[in-house]
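Everything below belongs to model.cif, which stores mmCIF, C-alpha atoms.
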data_upload
#
loop_
_atom_site.label_atom_id
_atom_site.label_comp_id
_atom_site.auth_asym_id
_atom_site.auth_seq_id
_atom_site.Cartn_x
_atom_site.Cartn_y
_atom_site.Cartn_z
CA MET T 1 -2.47 -1.59 27.82
CA SER T 2 -4.51 1.46 28.92
CA GLU T 3 -8.06 1.83 27.66
CA TYR T 4 -7.40 5.58 27.63
CA HIS T 5 -5.25 5.20 24.52
CA HIS T 6 -3.71 2.40 22.47
CA PRO T 7 -0.09 3.41 21.78
CA VAL T 8 0.86 3.16 18.11
CA LEU T 9 4.19 1.71 16.92
CA LEU T 10 5.04 1.14 20.57
CA HIS T 11 7.99 -1.23 20.31
CA PRO T 12 9.57 0.16 17.10
CA SER T 13 9.57 3.69 18.54
CA VAL T 14 10.94 2.78 21.96
CA ASP T 15 13.45 0.29 20.50
CA ALA T 16 14.88 3.10 18.36
CA LEU T 17 14.83 5.63 21.18
CA VAL T 18 16.19 4.08 24.38
CA LEU T 19 19.86 3.31 23.76
CA ASN T 20 21.13 4.34 27.22
CA PRO T 21 19.23 2.84 30.20
CA ASP T 22 20.79 5.46 32.51
CA GLY T 23 19.71 8.35 30.30
CA PHE T 24 17.18 11.17 30.54
CA TYR T 25 14.27 10.93 28.09
CA ALA T 26 11.11 12.86 27.20
CA ASP T 27 7.70 11.69 26.04
CA ALA T 28 6.33 14.86 24.46
CA THR T 29 2.78 13.51 24.11
CA PHE T 30 1.91 11.48 27.23
CA GLY T 31 -1.74 10.66 26.47
CA GLY T 32 -2.59 7.39 28.21
CA GLY T 33 1.04 6.79 29.10
CA GLY T 34 1.61 3.68 26.98
CA HIS T 35 4.85 4.92 25.44
CA SER T 36 6.00 6.38 28.77
CA ARG T 37 5.50 3.09 30.61
CA GLU T 38 7.43 1.22 27.94
CA ILE T 39 10.29 3.72 28.14
CA LEU T 40 10.37 3.44 31.94
CA SER T 41 10.53 -0.36 31.64
CA ARG T 42 13.78 0.04 29.67
CA LEU T 43 15.43 2.45 32.13
CA SER T 44 17.66 1.66 35.08
CA ALA T 45 17.22 3.17 38.52
CA LYS T 46 19.44 6.03 37.30
CA GLY T 47 17.27 6.80 34.28
CA HIS T 48 14.67 9.58 34.12
CA LEU T 49 11.66 10.44 32.00
CA MET T 50 9.68 13.65 31.75
CA ALA T 51 6.42 13.74 29.84
CA PHE T 52 4.11 16.47 28.55
CA ASP T 53 0.36 16.68 28.10
CA ARG T 54 -1.91 19.72 27.99
CA ASP T 55 -5.08 17.67 28.54
CA GLU T 56 -5.98 17.58 32.23
CA ASP T 57 -7.67 14.19 31.73
CA ALA T 58 -4.25 12.68 31.03
CA LEU T 59 -2.87 13.64 34.45
CA ALA T 60 -4.73 10.79 36.15
CA GLN T 61 -2.85 8.29 33.97
CA ALA T 62 0.57 9.22 35.40
CA PRO T 63 2.58 6.26 36.73
CA ASP T 64 3.73 6.36 40.33
CA ASP T 65 7.46 6.22 39.68
CA PRO T 66 10.19 8.40 41.23
CA ARG T 67 11.99 8.49 37.88
CA PHE T 68 8.97 10.14 36.20
CA ILE T 69 7.87 13.79 35.89
CA LEU T 70 4.57 14.73 34.19
CA ILE T 71 4.35 18.32 32.98
CA HIS T 72 0.89 19.81 32.33
CA ASN T 73 1.91 22.02 29.44
CA ASN T 74 2.32 22.17 25.68
CA PHE T 75 5.26 20.26 24.20
CA ARG T 76 6.29 23.40 22.35
CA PHE T 77 8.06 24.41 25.60
CA ILE T 78 10.23 21.30 25.73
CA HIS T 79 13.53 23.19 25.69
CA ASN T 80 12.51 25.35 28.67
CA TYR T 81 11.75 22.24 30.73
CA THR T 82 14.89 20.49 29.53
CA LEU T 83 16.95 23.37 30.90
CA LEU T 84 15.01 23.10 34.18
CA HIS T 85 15.12 19.33 34.69
CA ALA T 86 17.93 18.00 32.45
CA ALA T 87 20.46 20.73 31.97
CA GLY T 88 22.91 18.29 30.39
CA GLY T 89 20.45 17.54 27.61
CA LEU T 90 18.19 14.63 26.70
CA ASP T 91 19.16 11.21 25.38
CA GLY T 92 15.91 10.79 23.49
CA ILE T 93 12.55 12.42 22.74
CA LEU T 94 9.39 10.69 21.57
CA ALA T 95 6.31 12.42 20.13
CA ASP T 96 3.13 10.64 19.04
CA LEU T 97 1.21 13.39 17.25
CA GLY T 98 -2.12 11.59 17.13
CA VAL T 99 -5.21 12.53 19.10
CA SER T 100 -5.71 10.06 21.94
CA SER T 101 -8.40 7.40 21.75
CA HIS T 102 -9.88 8.91 24.93
CA GLN T 103 -10.33 12.29 23.24
CA PHE T 104 -11.97 10.75 20.17
CA ASP T 105 -14.21 8.48 22.23
CA THR T 106 -15.35 10.99 24.86
CA ALA T 107 -18.43 12.50 23.23
CA GLU T 108 -18.46 15.82 25.10
CA ARG T 109 -14.95 16.68 23.86
CA GLY T 110 -16.40 17.25 20.37
CA PHE T 111 -13.50 15.66 18.46
CA SER T 112 -15.64 13.17 16.54
CA PHE T 113 -18.66 13.40 14.25
CA ARG T 114 -19.77 10.00 15.63
CA PHE T 115 -21.49 11.78 18.53
CA ASN T 116 -23.71 14.83 18.83
CA ALA T 117 -21.75 17.03 21.21
CA PRO T 118 -20.64 20.64 21.72
CA LEU T 119 -18.11 21.73 19.11
CA ASP T 120 -15.15 22.03 21.47
CA MET T 121 -12.01 20.13 20.29
CA ARG T 122 -9.69 21.84 22.78
CA MET T 123 -6.93 19.58 24.08
CA ASN T 124 -6.63 21.91 27.06
CA ARG T 125 -10.13 22.89 28.18
CA GLN T 126 -8.87 25.50 30.64
CA GLY T 127 -8.93 28.23 28.02
CA GLY T 128 -8.67 29.22 24.39
CA LYS T 129 -11.08 29.23 21.48
CA THR T 130 -13.29 26.27 20.64
CA ALA T 131 -14.26 24.86 17.27
CA ALA T 132 -17.65 26.57 17.72
CA ASP T 133 -15.88 29.91 18.16
CA ILE T 134 -14.06 29.33 14.89
CA VAL T 135 -17.02 28.30 12.73
CA ASN T 136 -19.13 31.18 14.06
CA SER T 137 -16.56 34.00 14.04
CA TYR T 138 -14.01 33.36 11.27
CA THR T 139 -14.68 35.00 7.93
CA GLN T 140 -15.60 32.79 5.00
CA GLU T 141 -12.13 33.38 3.55
CA GLU T 142 -10.44 32.39 6.81
CA LEU T 143 -12.51 29.20 7.02
CA GLU T 144 -11.66 28.31 3.43
CA LYS T 145 -7.96 28.76 4.20
CA ILE T 146 -7.92 26.41 7.19
CA PHE T 147 -9.98 23.74 5.37
CA ARG T 148 -7.67 23.92 2.38
CA LEU T 149 -4.42 24.06 4.38
CA TYR T 150 -5.12 21.82 7.37
CA GLY T 151 -7.72 19.48 5.89
CA GLU T 152 -6.27 19.41 2.36
CA LEU T 153 -9.93 19.49 1.42
CA ASP T 154 -11.28 19.47 -2.12
CA GLY T 155 -14.20 21.88 -2.11
CA ALA T 156 -12.88 23.98 0.79
CA ARG T 157 -14.58 27.07 -0.60
CA ARG T 158 -17.96 25.32 -0.82
CA VAL T 159 -17.71 24.11 2.80
CA ALA T 160 -16.80 27.62 3.98
CA GLN T 161 -19.73 29.11 2.03
CA LEU T 162 -22.19 26.63 3.54
CA ILE T 163 -20.98 27.37 7.08
CA ALA T 164 -21.14 31.13 6.52
CA SER T 165 -24.69 30.78 5.19
CA ALA T 166 -25.94 28.45 7.93
CA ARG T 167 -24.71 30.61 10.81
CA THR T 168 -26.79 33.60 9.62
CA THR T 169 -29.88 31.63 10.66
CA ALA T 170 -28.58 30.17 13.93
CA PRO T 171 -25.15 29.68 15.52
CA ILE T 172 -23.38 26.37 14.82
CA LEU T 173 -22.81 24.99 18.31
CA THR T 174 -22.76 21.19 18.05
CA THR T 175 -21.28 18.51 15.83
CA ASP T 176 -24.75 17.79 14.44
CA ASP T 177 -25.18 21.50 13.63
CA LEU T 178 -21.94 21.44 11.68
CA ASP T 179 -22.74 18.20 9.86
CA ARG T 180 -26.14 19.56 8.78
CA ALA T 181 -24.62 22.85 7.68
CA ILE T 182 -22.17 21.22 5.27
CA ALA T 183 -24.31 18.24 4.23
CA ALA T 184 -24.67 19.53 0.68
CA ALA T 185 -20.88 19.39 0.21
CA LEU T 186 -20.41 15.81 1.40
CA PRO T 187 -19.65 13.25 -1.35
CA THR T 188 -22.04 10.31 -1.08
CA PHE T 189 -19.25 7.81 -1.79
CA ALA T 190 -16.89 9.07 0.97
CA GLU T 191 -18.95 11.03 3.46
CA HIS T 192 -17.09 9.91 6.60
CA LYS T 193 -13.66 10.45 5.07
CA TYR T 194 -14.64 13.96 4.02
CA LEU T 195 -16.05 14.79 7.44
CA ALA T 196 -12.84 13.50 9.05
CA LYS T 197 -10.86 16.07 7.05
CA VAL T 198 -13.22 18.89 8.07
CA TYR T 199 -12.90 17.95 11.74
CA GLN T 200 -9.12 17.54 11.40
CA ALA T 201 -8.78 21.05 10.02
CA LEU T 202 -10.82 22.57 12.83
CA ARG T 203 -8.95 20.59 15.50
CA ILE T 204 -5.58 21.72 14.15
CA GLU T 205 -6.70 25.36 14.16
CA VAL T 206 -8.24 25.15 17.65
CA ASN T 207 -5.06 23.71 19.15
CA GLU T 208 -2.57 25.58 16.95
CA GLU T 209 -1.00 22.21 16.22
CA MET T 210 1.22 23.19 13.31
CA ARG T 211 2.67 26.18 15.13
CA ALA T 212 3.23 24.05 18.22
CA LEU T 213 4.91 21.33 16.14
CA GLU T 214 7.30 23.82 14.56
CA LYS T 215 8.29 25.14 18.00
CA PHE T 216 8.59 21.60 19.34
CA LEU T 217 10.92 20.45 16.55
CA SER T 218 13.35 23.32 17.03
CA GLY T 219 13.16 22.91 20.82
CA ALA T 220 13.72 19.16 20.56
CA ALA T 221 16.82 19.61 18.41
CA ALA T 222 18.20 22.11 20.92
CA SER T 223 17.39 19.78 23.84
CA LEU T 224 19.07 16.60 22.58
CA ARG T 225 22.62 15.65 23.49
CA ARG T 226 24.94 14.73 20.65
CA GLY T 227 23.91 11.23 19.61
CA GLY T 228 20.48 11.63 21.25
CA ARG T 229 17.48 10.50 19.22
CA LEU T 230 14.17 11.99 18.17
CA ALA T 231 11.28 9.66 17.28
CA VAL T 232 8.10 11.23 15.88
CA ILE T 233 4.90 9.41 14.90
CA THR T 234 2.72 11.33 12.42
CA TYR T 235 -0.77 10.66 11.07
CA HIS T 236 -1.37 13.02 8.15
CA SER T 237 0.70 14.37 5.30
CA LEU T 238 0.94 17.95 6.55
CA GLU T 239 2.64 17.13 9.85
CA ASP T 240 4.69 14.32 8.30
CA ARG T 241 6.03 16.71 5.68
CA MET T 242 7.06 19.17 8.41
CA VAL T 243 8.88 16.48 10.37
CA LYS T 244 10.59 15.09 7.27
CA ASN T 245 11.72 18.54 6.17
CA PHE T 246 13.04 19.44 9.61
CA ILE T 247 15.06 16.25 9.91
CA ARG T 248 16.57 16.79 6.47
CA SER T 249 17.24 20.51 6.57
CA GLY T 250 16.68 21.90 10.06
CA ASN T 251 13.57 23.86 9.09
CA ILE T 252 9.99 22.95 8.23
CA ASP T 253 10.20 24.43 4.72
CA GLY T 254 12.91 22.00 3.66
CA GLY T 255 15.40 24.61 2.42
CA GLU T 256 18.84 23.31 3.31
CA ASN T 257 21.60 25.69 4.43
CA LYS T 258 25.23 24.72 3.88
CA ASP T 259 28.54 26.15 4.99
CA VAL T 260 31.37 27.20 2.67
CA PHE T 261 32.53 23.58 2.48
CA GLY T 262 29.11 22.35 1.36
CA ARG T 263 28.26 20.76 4.69
CA SER T 264 24.67 20.93 5.91
CA ASP T 265 24.06 22.79 9.15
CA ALA T 266 20.96 20.71 9.94
CA PRO T 267 21.12 19.61 13.61
CA LEU T 268 19.68 16.14 12.92
CA LYS T 269 20.27 13.27 10.54
CA ALA T 270 17.72 10.64 9.61
CA VAL T 271 18.05 7.11 10.95
CA GLY T 272 16.87 4.94 8.09
CA ARG T 273 15.91 6.08 4.61
CA LYS T 274 12.17 5.53 4.99
CA PRO T 275 9.65 5.91 7.82
CA VAL T 276 8.66 2.87 9.87
CA LEU T 277 5.04 1.79 9.27
CA PRO T 278 2.72 -0.35 11.42
CA ASP T 279 2.41 -3.97 10.34
CA GLU T 280 -0.84 -5.65 9.36
CA ALA T 281 -1.34 -7.15 12.81
CA GLU T 282 -1.18 -3.75 14.52
CA ILE T 283 -3.59 -2.18 12.03
CA ALA T 284 -6.01 -5.08 12.50
CA GLY T 285 -5.93 -4.51 16.26
CA ASN T 286 -6.09 -0.70 16.07
CA THR T 287 -7.45 0.84 12.86
CA ARG T 288 -6.27 4.29 13.98
CA ALA T 289 -2.71 3.11 13.37
CA ARG T 290 -3.25 2.69 9.62
CA SER T 291 -1.99 6.15 8.65
CA ALA T 292 0.88 6.28 11.17
CA LYS T 293 4.49 6.90 10.14
CA LEU T 294 7.47 6.81 12.49
CA ARG T 295 10.48 8.96 11.61
CA ILE T 296 13.69 8.65 13.61
CA ALA T 297 16.59 11.09 13.69
CA GLU T 298 19.83 11.52 15.63
CA ARG T 299 21.48 14.71 16.92
CA VAL T 300 24.76 15.42 15.16
#
Can the structure in the file be given as structure tokens, please?
Amino acid sequence: MSEYHHPVLLHPSVDALVLNPDGFYADATFGGGGHSREILSRLSAKGHLMAFDRDEDALAQAPDDPRFILIHNNFRFIHNYTLLHAAGGLDGILADLGVSSHQFDTAERGFSFRFNAPLDMRMNRQGGKTAADIVNSYTQEELEKIFRLYGELDGARRVAQLIASARTTAPILTTDDLDRAIAAALPTFAEHKYLAKVYQALRIEVNEEMRALEKFLSGAAASLRRGGRLAVITYHSLEDRMVKNFIRSGNIDGGENKDVFGRSDAPLKAVGRKPVLPDEAEIAGNTRARSAKLRIAERV
């Protein structure tokens, strides 16, 4: 198992996904390559796997395997690359939406309040705005919106006010700067949990994760062959709700469209009534798995 990242729900996800050893599959979130290596172990010499990751650090983890293609790009473009590499469609797509252990544990990436580091949080450091750009340039109202929407944060307005006030004295450039700026809003009984939600909201905004997920889901449905499977591992309620709604209705809002005969036009159908959860042994070995949910769907 790679120290770069500990894959969550490894066997349940790959068991549900790889039904045709000769097929063409996609790992939409390569990370440390744990899921990709397990998929490759199930494929024959005729099978193929393409994987996506926008983090340049992940490229060094690529397995040396002629059946494997690693694409340094956002998974939102999955349908474009399916048309390029697998014009007949994909037999299965896996997406683990969690941040990799490497990103959390590398201090200078700025993903974690455990370290004092630049407020970066970009999954692709080759461009785009950083978390520091957001906390120093967004209006108080814009900050409140992302904390409320992406962090589902009680007291989002108070946090936004504290940030807006602190940056008038000096820019907020590091994780310690941010933690000090919002210290007055942190509940003494759940300080770390509250900070995790603040950092989650900023990370989602920096990387446009919800917009990318919406594009990915529609692209994945268009990329799958009939009978092909989609397996998505989520870690917080916002993304899980989007995935659940899309599987049920074909859109992230959950509004189901039906034809004149009352038949749903959703491109996918759920496999199993409830999501698959990690067992106690997995959580004991990897606490970051505790909030994970695996949803599986099939192309109809």
Next on the checklist: Report as a VMD selection string all protein, DNA and RNA residues lying within 10 Å of T:Ala132, evaluated on all atoms listed in the file, omitting residues in the same chain fewer than 6 positions from it.
Outcome noted: chain T and resid 110 118 to 121 171 to 175 177 to 178 202 206
Please save C-alpha atoms of the selected residues as an mmCIF file, in the coordinates of the input.
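out-v7.cif, written as the output of this step:
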data_model
loop_
_atom_site.group_PDB
_atom_site.id
_atom_site.type_symbol
_atom_site.label_atom_id
_atom_site.label_comp_id
_atom_site.auth_asym_id
_atom_site.auth_seq_id
_atom_site.Cartn_x
_atom_site.Cartn_y
_atom_site.Cartn_z
ATOM 1 C CA GLY T 110 -16.400 17.250 20.370
ATOM 2 C CA PRO T 118 -20.640 20.640 21.720
ATOM 3 C CA LEU T 119 -18.110 21.730 19.110
ATOM 4 C CA ASP T 120 -15.150 22.030 21.470
ATOM 5 C CA MET T 121 -12.010 20.130 20.290
ATOM 6 C CA PRO T 171 -25.150 29.680 15.520
ATOM 7 C CA ILE T 172 -23.380 26.370 14.820
ATOM 8 C CA LEU T 173 -22.810 24.990 18.310
ATOM 9 C CA THR T 174 -22.760 21.190 18.050
ATOM 10 C CA THR T 175 -21.280 18.510 15.830
ATOM 11 C CA ASP T 177 -25.180 21.500 13.630
ATOM 12 C CA LEU T 178 -21.940 21.440 11.680
ATOM 13 C CA LEU T 202 -10.820 22.570 12.830
ATOM 14 C CA VAL T 206 -8.240 25.150 17.650
#
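Within the 8 Å cut-off around T:His236, using only C-alpha atoms and omitting residues fewer than 2 positions from it on the same chain, the listed residues are Thr234, Leu238, Glu239, Asp240, Ser291 and Ala292 of chain T.
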Item to check | Local residues around (20.9, 9.3, 23.7), at most 10 Å away, using all atoms listed in the file, as a ChimeraX atom specification | outcome: /T:17-25,89-93,224-230,298-299
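Reported to one decimal place, the separation of atom CA of T:Val14 from atom CA of T:Ala231 is 8.3 Å.
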Checklist entry - Within 8 Å of T:Leu40, counting all atoms listed in the file, which residues qualify if same-chain residues fewer than 3 places away don't, as a PyMOL selection string? => result chain T and resi 36-37+43+48-49+67
Next on the checklist: Using only C-alpha atoms and a cutoff of 12 Å, can you tell me which residues are near (9.7, 6.5, 43.2) in the file's coordinates, and write them out as a ChimeraX atom specification?
Outcome noted: /T:40,45-48,63-69
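Within the file as shown, the PyMOL selection byres ((chain T and resi 273) around 12) identifies Lys244, Ile247, Arg248, Lys269, Ala270, Val271, Gly272, Lys274, Pro275, Val276, Leu294, Arg295, Ile296 and Ala297 of chain T.
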Checklist outcome for this item: Here atom CA of T:Phe77 and atom CA of T:Asp57 stand apart by 19.7 Å
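Take atom CA of T:Glu282 and atom CA of T:Asp15: the distance between them is 16.3 Å.
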Next on the checklist: For the provided coordinates, the residues matched by the PyMOL selection byres ((chain T and resi 155) around 12) should be stated as an MDAnalysis selection string.
Outcome noted: chainID T and resid 143:145 147:149 151:154 156:162 182 184:187 194 197:198
For this file, the PyMOL selection byres ((chain T and resi 9-11) around 9) selects which residues, as an mmCIF file with C-alpha atoms, in the frame of the given file?
data_model
loop_
_atom_site.group_PDB
_atom_site.id
_atom_site.type_symbol
_atom_site.label_atom_id
_atom_site.label_comp_id
_atom_site.auth_asym_id
_atom_site.auth_seq_id
_atom_site.Cartn_x
_atom_site.Cartn_y
_atom_site.Cartn_z
ATOM 1 C CA PRO T 7 -0.090 3.410 21.780
ATOM 2 C CA VAL T 8 0.860 3.160 18.110
ATOM 3 C CA PRO T 12 9.570 0.160 17.100
ATOM 4 C CA SER T 13 9.570 3.690 18.540
ATOM 5 C CA VAL T 14 10.940 2.780 21.960
ATOM 6 C CA ASP T 15 13.450 0.290 20.500
ATOM 7 C CA ALA T 16 14.880 3.100 18.360
ATOM 8 C CA GLY T 34 1.610 3.680 26.980
ATOM 9 C CA HIS T 35 4.850 4.920 25.440
ATOM 10 C CA GLU T 38 7.430 1.220 27.940
ATOM 11 C CA ILE T 233 4.900 9.410 14.900
ATOM 12 C CA VAL T 276 8.660 2.870 9.870
ATOM 13 C CA LEU T 277 5.040 1.790 9.270
ATOM 14 C CA PRO T 278 2.720 -0.350 11.420
ATOM 15 C CA ASP T 279 2.410 -3.970 10.340
ATOM 16 C CA GLU T 282 -1.180 -3.750 14.520
ATOM 17 C CA ALA T 289 -2.710 3.110 13.370
ATOM 18 C CA ALA T 292 0.880 6.280 11.170
ATOM 19 C CA LYS T 293 4.490 6.900 10.140
ATOM 20 C CA LEU T 294 7.470 6.810 12.490
#
Checklist entry - Can you list, as JSON, numbers by chain, every protein, DNA or RNA residue that comes within 12 Å of T:Ala266 when you count all atoms listed in the file, leaving out same-chain residues fewer than 5 positions away? => result {"T": [218, 221, 222, 245, 246, 247, 248, 249, 250, 251, 252, 254, 255, 256, 257, 258, 259, 297, 298, 299, 300]}
